[in-house]
$ cat structure.pdb   # PDB, C-alpha atoms
ATOM      1  CA  MET A 121     151.501 138.600   6.809  1.00  0.00           C
ATOM      2  CA  SER A 122     151.388 137.041   3.373  1.00  0.00           C
ATOM      3  CA  PHE A 123     147.929 136.580   1.930  1.00  0.00           C
ATOM      4  CA  LYS A 124     146.167 136.157  -1.383  1.00  0.00           C
ATOM      5  CA  ILE A 125     142.981 137.917  -2.402  1.00  0.00           C
ATOM      6  CA  VAL A 126     140.499 135.697  -4.191  1.00  0.00           C
ATOM      7  CA  THR A 127     137.284 136.849  -5.849  1.00  0.00           C
ATOM      8  CA  ASP A 128     134.876 135.560  -8.466  1.00  0.00           C
ATOM      9  CA  SER A 129     134.556 136.390 -12.128  1.00  0.00           C
ATOM     10  CA  CYS A 130     131.542 138.612 -11.480  1.00  0.00           C
ATOM     11  CA  CYS A 131     134.037 141.359 -10.558  1.00  0.00           C
ATOM     12  CA  ASP A 132     134.293 142.453 -14.218  1.00  0.00           C
ATOM     13  CA  LEU A 133     138.054 142.975 -14.078  1.00  0.00           C
ATOM     14  CA  SER A 134     140.039 142.334 -17.249  1.00  0.00           C
ATOM     15  CA  ALA A 135     142.425 139.394 -17.518  1.00  0.00           C
ATOM     16  CA  GLU A 136     145.287 141.880 -17.568  1.00  0.00           C
ATOM     17  CA  MET A 137     144.152 143.552 -14.354  1.00  0.00           C
ATOM     18  CA  ILE A 138     143.582 140.173 -12.663  1.00  0.00           C
ATOM     19  CA  ALA A 139     147.172 139.210 -13.495  1.00  0.00           C
ATOM     20  CA  GLU A 140     148.542 142.608 -12.420  1.00  0.00           C
ATOM     21  CA  LEU A 141     146.736 142.424  -9.072  1.00  0.00           C
ATOM     22  CA  GLU A 142     147.755 138.763  -8.603  1.00  0.00           C
ATOM     23  CA  LEU A 143     144.170 137.730  -7.893  1.00  0.00           C
ATOM     24  CA  GLY A 144     142.773 134.255  -7.541  1.00  0.00           C
ATOM     25  CA  ILE A 145     139.540 133.911  -9.517  1.00  0.00           C
ATOM     26  CA  ALA A 146     136.636 131.518  -9.020  1.00  0.00           C
ATOM     27  CA  PRO A 147     134.651 131.494 -12.278  1.00  0.00           C
ATOM     28  CA  LEU A 148     130.879 131.690 -12.486  1.00  0.00           C
ATOM     29  CA  SER A 149     129.363 129.731 -15.345  1.00  0.00           C
ATOM     30  CA  LEU A 150     126.692 130.162 -17.974  1.00  0.00           C
ATOM     31  CA  GLU A 151     124.373 127.429 -19.213  1.00  0.00           C
ATOM     32  CA  LEU A 152     123.012 127.510 -22.739  1.00  0.00           C
ATOM     33  CA  ASP A 153     121.307 124.651 -24.562  1.00  0.00           C
ATOM     34  CA  GLY A 154     122.255 122.214 -21.807  1.00  0.00           C
ATOM     35  CA  ARG A 155     125.964 123.037 -21.987  1.00  0.00           C
ATOM     36  CA  ALA A 156     127.892 124.831 -19.247  1.00  0.00           C
ATOM     37  CA  TYR A 157     130.364 127.517 -20.311  1.00  0.00           C
ATOM     38  CA  ARG A 158     132.992 128.896 -17.965  1.00  0.00           C
ATOM     39  CA  GLU A 159     134.115 132.500 -18.045  1.00  0.00           C
ATOM     40  CA  GLY A 160     135.853 133.251 -21.340  1.00  0.00           C
ATOM     41  CA  GLU A 161     134.628 130.210 -23.263  1.00  0.00           C
ATOM     42  CA  MET A 162     132.071 132.285 -25.173  1.00  0.00           C
ATOM     43  CA  THR A 163     132.448 135.807 -26.452  1.00  0.00           C
ATOM     44  CA  PRO A 164     129.750 138.396 -25.786  1.00  0.00           C
ATOM     45  CA  ALA A 165     129.020 138.471 -29.543  1.00  0.00           C
ATOM     46  CA  GLU A 166     128.400 134.702 -29.542  1.00  0.00           C
ATOM     47  CA  LEU A 167     126.153 134.966 -26.505  1.00  0.00           C
ATOM     48  CA  TYR A 168     124.093 137.769 -28.045  1.00  0.00           C
ATOM     49  CA  ALA A 169     123.766 135.821 -31.301  1.00  0.00           C
ATOM     50  CA  HIS A 170     122.292 132.876 -29.356  1.00  0.00           C
ATOM     51  CA  MET A 171     119.913 135.225 -27.568  1.00  0.00           C
ATOM     52  CA  ARG A 172     118.781 136.803 -30.859  1.00  0.00           C
ATOM     53  CA  ASN A 173     117.933 133.272 -31.995  1.00  0.00           C
ATOM     54  CA  GLY A 174     115.662 132.780 -28.992  1.00  0.00           C
ATOM     55  CA  LYS A 175     118.054 130.942 -26.673  1.00  0.00           C
ATOM     56  CA  LEU A 176     117.866 131.928 -23.016  1.00  0.00           C
ATOM     57  CA  PRO A 177     121.055 131.598 -21.000  1.00  0.00           C
ATOM     58  CA  LYS A 178     121.114 130.844 -17.289  1.00  0.00           C
ATOM     59  CA  THR A 179     123.916 131.757 -14.936  1.00  0.00           C
ATOM     60  CA  ALA A 180     125.257 129.530 -12.185  1.00  0.00           C
ATOM     61  CA  ALA A 181     126.982 130.521  -8.980  1.00  0.00           C
ATOM     62  CA  VAL A 182     130.460 129.312  -8.132  1.00  0.00           C
ATOM     63  CA  ASN A 183     130.077 126.046  -6.220  1.00  0.00           C
ATOM     64  CA  PRO A 184     132.187 125.124  -3.172  1.00  0.00           C
ATOM     65  CA  ASP A 185     134.592 123.060  -5.310  1.00  0.00           C
ATOM     66  CA  GLY A 186     135.180 126.045  -7.585  1.00  0.00           C
ATOM     67  CA  TRP A 187     136.007 128.204  -4.590  1.00  0.00           C
ATOM     68  CA  ALA A 188     138.238 125.535  -3.063  1.00  0.00           C
ATOM     69  CA  GLY A 189     140.216 125.341  -6.291  1.00  0.00           C
ATOM     70  CA  ALA A 190     140.693 129.104  -6.323  1.00  0.00           C
ATOM     71  CA  MET A 191     141.844 129.196  -2.683  1.00  0.00           C
ATOM     72  CA  GLU A 192     143.887 126.042  -2.272  1.00  0.00           C
ATOM     73  CA  ASP A 193     147.004 127.018  -4.233  1.00  0.00           C
ATOM     74  CA  ALA A 194     147.596 129.951  -1.893  1.00  0.00           C
ATOM     75  CA  LEU A 195     146.979 127.794   1.177  1.00  0.00           C
ATOM     76  CA  LYS A 196     149.449 125.174  -0.061  1.00  0.00           C
ATOM     77  CA  GLN A 197     152.031 127.974  -0.421  1.00  0.00           C
ATOM     78  CA  GLY A 198     151.524 128.905   3.234  1.00  0.00           C
ATOM     79  CA  LYS A 199     149.501 132.033   2.489  1.00  0.00           C
ATOM     80  CA  ASP A 200     146.319 133.162   4.183  1.00  0.00           C
ATOM     81  CA  VAL A 201     143.297 133.943   1.996  1.00  0.00           C
ATOM     82  CA  LEU A 202     140.883 136.859   1.823  1.00  0.00           C
ATOM     83  CA  VAL A 203     137.820 136.072  -0.300  1.00  0.00           C
ATOM     84  CA  LEU A 204     135.760 138.985  -1.627  1.00  0.00           C
ATOM     85  CA  ALA A 205     132.594 137.361  -2.960  1.00  0.00           C
ATOM     86  CA  PHE A 206     129.735 138.470  -5.195  1.00  0.00           C
ATOM     87  CA  SER A 207     126.749 139.825  -3.229  1.00  0.00           C
ATOM     88  CA  SER A 208     124.724 137.298  -1.230  1.00  0.00           C
ATOM     89  CA  GLY A 209     121.651 139.312  -2.192  1.00  0.00           C
ATOM     90  CA  LEU A 210     122.070 138.301  -5.832  1.00  0.00           C
ATOM     91  CA  SER A 211     123.674 134.856  -5.770  1.00  0.00           C
ATOM     92  CA  THR A 212     124.612 131.841  -3.656  1.00  0.00           C
ATOM     93  CA  THR A 213     128.246 132.439  -4.608  1.00  0.00           C
ATOM     94  CA  TYR A 214     129.067 133.887  -1.173  1.00  0.00           C
ATOM     95  CA  GLN A 215     127.476 130.947   0.660  1.00  0.00           C
ATOM     96  CA  SER A 216     129.504 128.529  -1.474  1.00  0.00           C
ATOM     97  CA  ALA A 217     132.688 130.387  -0.528  1.00  0.00           C
ATOM     98  CA  VAL A 218     131.810 130.036   3.161  1.00  0.00           C
ATOM     99  CA  ILE A 219     131.280 126.279   2.738  1.00  0.00           C
ATOM    100  CA  ALA A 220     134.590 125.893   0.909  1.00  0.00           C
ATOM    101  CA  ALA A 221     136.432 127.957   3.525  1.00  0.00           C
ATOM    102  CA  LYS A 222     135.095 125.778   6.370  1.00  0.00           C
ATOM    103  CA  GLU A 223     136.192 122.615   4.565  1.00  0.00           C
ATOM    104  CA  LEU A 224     139.638 124.026   3.760  1.00  0.00           C
ATOM    105  CA  GLN A 225     140.106 125.323   7.318  1.00  0.00           C
ATOM    106  CA  GLU A 226     140.002 121.690   8.504  1.00  0.00           C
ATOM    107  CA  ILE A 227     142.725 120.736   6.009  1.00  0.00           C
ATOM    108  CA  TYR A 228     144.855 123.850   6.670  1.00  0.00           C
ATOM    109  CA  PRO A 229     144.245 124.660  10.364  1.00  0.00           C
ATOM    110  CA  ASP A 230     147.272 126.965  10.574  1.00  0.00           C
ATOM    111  CA  ARG A 231     146.013 129.211   7.761  1.00  0.00           C
ATOM    112  CA  LYS A 232     143.504 132.045   8.071  1.00  0.00           C
ATOM    113  CA  ILE A 233     140.639 132.207   5.593  1.00  0.00           C
ATOM    114  CA  PHE A 234     138.344 135.227   5.657  1.00  0.00           C
ATOM    115  CA  VAL A 235     135.242 135.329   3.462  1.00  0.00           C
ATOM    116  CA  VAL A 236     133.586 138.714   2.935  1.00  0.00           C
ATOM    117  CA  ASP A 237     130.180 139.294   1.380  1.00  0.00           C
ATOM    118  CA  THR A 238     130.940 142.406  -0.670  1.00  0.00           C
ATOM    119  CA  LEU A 239     127.265 143.214  -1.177  1.00  0.00           C
ATOM    120  CA  CYS A 240     128.511 144.336  -4.598  1.00  0.00           C
ATOM    121  CA  ALA A 241     128.332 143.072  -8.142  1.00  0.00           C
ATOM    122  CA  ALA A 242     130.044 143.721 -11.428  1.00  0.00           C
ATOM    123  CA  LEU A 243     132.193 146.850 -11.559  1.00  0.00           C
ATOM    124  CA  GLY A 244     131.298 147.850  -7.994  1.00  0.00           C
ATOM    125  CA  GLN A 245     132.769 144.559  -6.824  1.00  0.00           C
ATOM    126  CA  GLY A 246     135.749 145.074  -9.120  1.00  0.00           C
ATOM    127  CA  LEU A 247     136.445 148.499  -7.613  1.00  0.00           C
ATOM    128  CA  LEU A 248     136.286 147.101  -4.085  1.00  0.00           C
ATOM    129  CA  VAL A 249     138.640 144.249  -5.036  1.00  0.00           C
ATOM    130  CA  HIS A 250     141.025 146.690  -6.723  1.00  0.00           C
ATOM    131  CA  TYR A 251     141.067 148.898  -3.619  1.00  0.00           C
ATOM    132  CA  ALA A 252     141.688 145.887  -1.350  1.00  0.00           C
ATOM    133  CA  CYS A 253     144.642 144.863  -3.535  1.00  0.00           C
ATOM    134  CA  LYS A 254     146.113 148.358  -3.352  1.00  0.00           C
ATOM    135  CA  LYS A 255     145.772 148.334   0.459  1.00  0.00           C
ATOM    136  CA  ARG A 256     147.385 144.869   0.563  1.00  0.00           C
ATOM    137  CA  ASP A 257     150.293 146.090  -1.535  1.00  0.00           C
ATOM    138  CA  ALA A 258     150.721 149.124   0.715  1.00  0.00           C
ATOM    139  CA  GLY A 259     151.113 146.807   3.703  1.00  0.00           C
TER     140      GLY A 259
END
$ encode --input "structure.pdb" --output "structure tokens"
Amino acid sequence: MSFKIVTDSCCDLSAEMIAELELGIAPLSLELDGRAYREGEMTPAELYAHMRNGKLPKTAAVNPDGWAGAMEDALKQGKDVLVLAFSSGLSTTYQSAVIAAKELQEIYPDRKIFVVDTLCAALGQGLLVHYACKKRDAG
């Protein structure tokens, strides 16, 4: 069985590790002063400078379109998809992945799409994703 593992940017894995593990990533976003920033568009130093100047950032969950974009390339290649999403207890990111999966299942009825609520965040999620990739690679 050929499948792709997709997660969101809350997993705290480096760009190098994401590439090494061949992950699909759905980016969360950050809003500051009415502008939305995707993962990597602002450095931590820039973010902290804004916060020191009294600006309060807000985070936004991955929406269904963001998830669909992260999953669809694999589906087009004939691969199944395993989504390991940021905890539903902390974000609507998981629910958005479920919505996207249902929509994509109609377009790709021969593909399997599994969405898992990791109940994890940050490095805990990253460790779970890393372990899942190692198990995938081991067959």
$ residues_around --input "structure.pdb" --residues "Leu195 in chain A" --least-positions-apart "5" --cutoff "9 Å" --atoms "only C-alpha atoms" --output "ChimeraX atom specification"
/A:123-124,200-201,224,228,231-233
$ atom_distance --input "structure.pdb" --atom1 "CA of Ala220 in chain A" --atom2 "CA of Asp193 in chain A"
13.5 Å
$ residues_around --input "structure.pdb" --residues "Gly209 in chain A" --least-positions-apart "3" --cutoff "10 Å" --atoms "all atoms listed in the file" --output "PyMOL selection string"
chain A and resi 206+212-214+237-241
$ atom_distance --input "structure.pdb" --atom1 "CA of Glu223 in chain A" --atom2 "CA of Glu140 in chain A"
29.0 Å
$ closest_residue --input "structure.pdb" --among "A:Ile145, A:Ala221, A:Leu133, A:Leu150" --to "Met162 in chain A" --atoms "all atoms listed in the file"
A:Leu150
$ closest_residue --input "structure.pdb" --among "A:Tyr251, A:Ser208, A:Leu143, A:Val218" --to "Asp185 in chain A" --atoms "all atoms listed in the file"
A:Val218
$ axis_aligned_box --input "structure.pdb" --around "range 166-176 of chain A" --padding-each-side "5 Å" --output "JSON"
{"center_x": 122.0, "center_y": 134.4, "center_z": -27.5, "size_x": 22.7, "size_y": 16.8, "size_z": 19.0}
$ atom_distance --input "structure.pdb" --atom1 "CA of Leu167 in chain A" --atom2 "CA of Asp132 in chain A"
16.5 Å
$ closest_residue --input "structure.pdb" --among "A:Ser122, A:Ser129, A:Gln245, A:Ser207" --to "Gly186 in chain A" --atoms "only C-alpha atoms"
A:Ser129
$ residues_around --input "structure.pdb" --residues "Asp128 in chain A" --least-positions-apart "5" --cutoff "8 Å" --atoms "all atoms listed in the file" --output "list in words"
Ile145, Ala146, Pro147, Leu148, Val182, Leu204, Ala205 and Phe206 of chain A
$ write_last_selection --input "structure.pdb" --atoms "C-alpha atoms" --output "PDB file, in the coordinates of the input"
ATOM      1  CA  ILE A 145     139.540 133.911  -9.517  1.00  0.00           C
ATOM      2  CA  ALA A 146     136.636 131.518  -9.020  1.00  0.00           C
ATOM      3  CA  PRO A 147     134.651 131.494 -12.278  1.00  0.00           C
ATOM      4  CA  LEU A 148     130.879 131.690 -12.486  1.00  0.00           C
ATOM      5  CA  VAL A 182     130.460 129.312  -8.132  1.00  0.00           C
ATOM      6  CA  LEU A 204     135.760 138.985  -1.627  1.00  0.00           C
ATOM      7  CA  ALA A 205     132.594 137.361  -2.960  1.00  0.00           C
ATOM      8  CA  PHE A 206     129.735 138.470  -5.195  1.00  0.00           C
TER       9      PHE A 206
END
$ resolve_selection --input "structure.pdb" --expression "the PyMOL selection byres ((chain A and resi 153) around 10)" --output "number ranges by chain"
A: 151-152, 154-156, 170, 175-178
$ residues_around --input "structure.pdb" --residues "range 252-257 of chain A" --least-positions-apart "4" --cutoff "8 Å" --atoms "all atoms listed in the file" --output "list in words"
Ile125, Leu141 and Leu248 of chain A
$ closest_residue --input "structure.pdb" --among "A:Ala165, A:Ala242, A:Ala135, A:Ala181" --to "Gln215 in chain A" --atoms "all atoms listed in the file"
A:Ala181
$ closest_residue --input "structure.pdb" --among "A:Met137, A:Ala258, A:Ala190, A:Ala180" --to "Tyr157 in chain A" --atoms "all atoms listed in the file"
A:Ala180
$ closest_residue --input "structure.pdb" --among "A:Pro229, A:Gly198, A:Pro184, A:Gly246" --to "Ser134 in chain A" --atoms "all atoms listed in the file"
A:Gly246
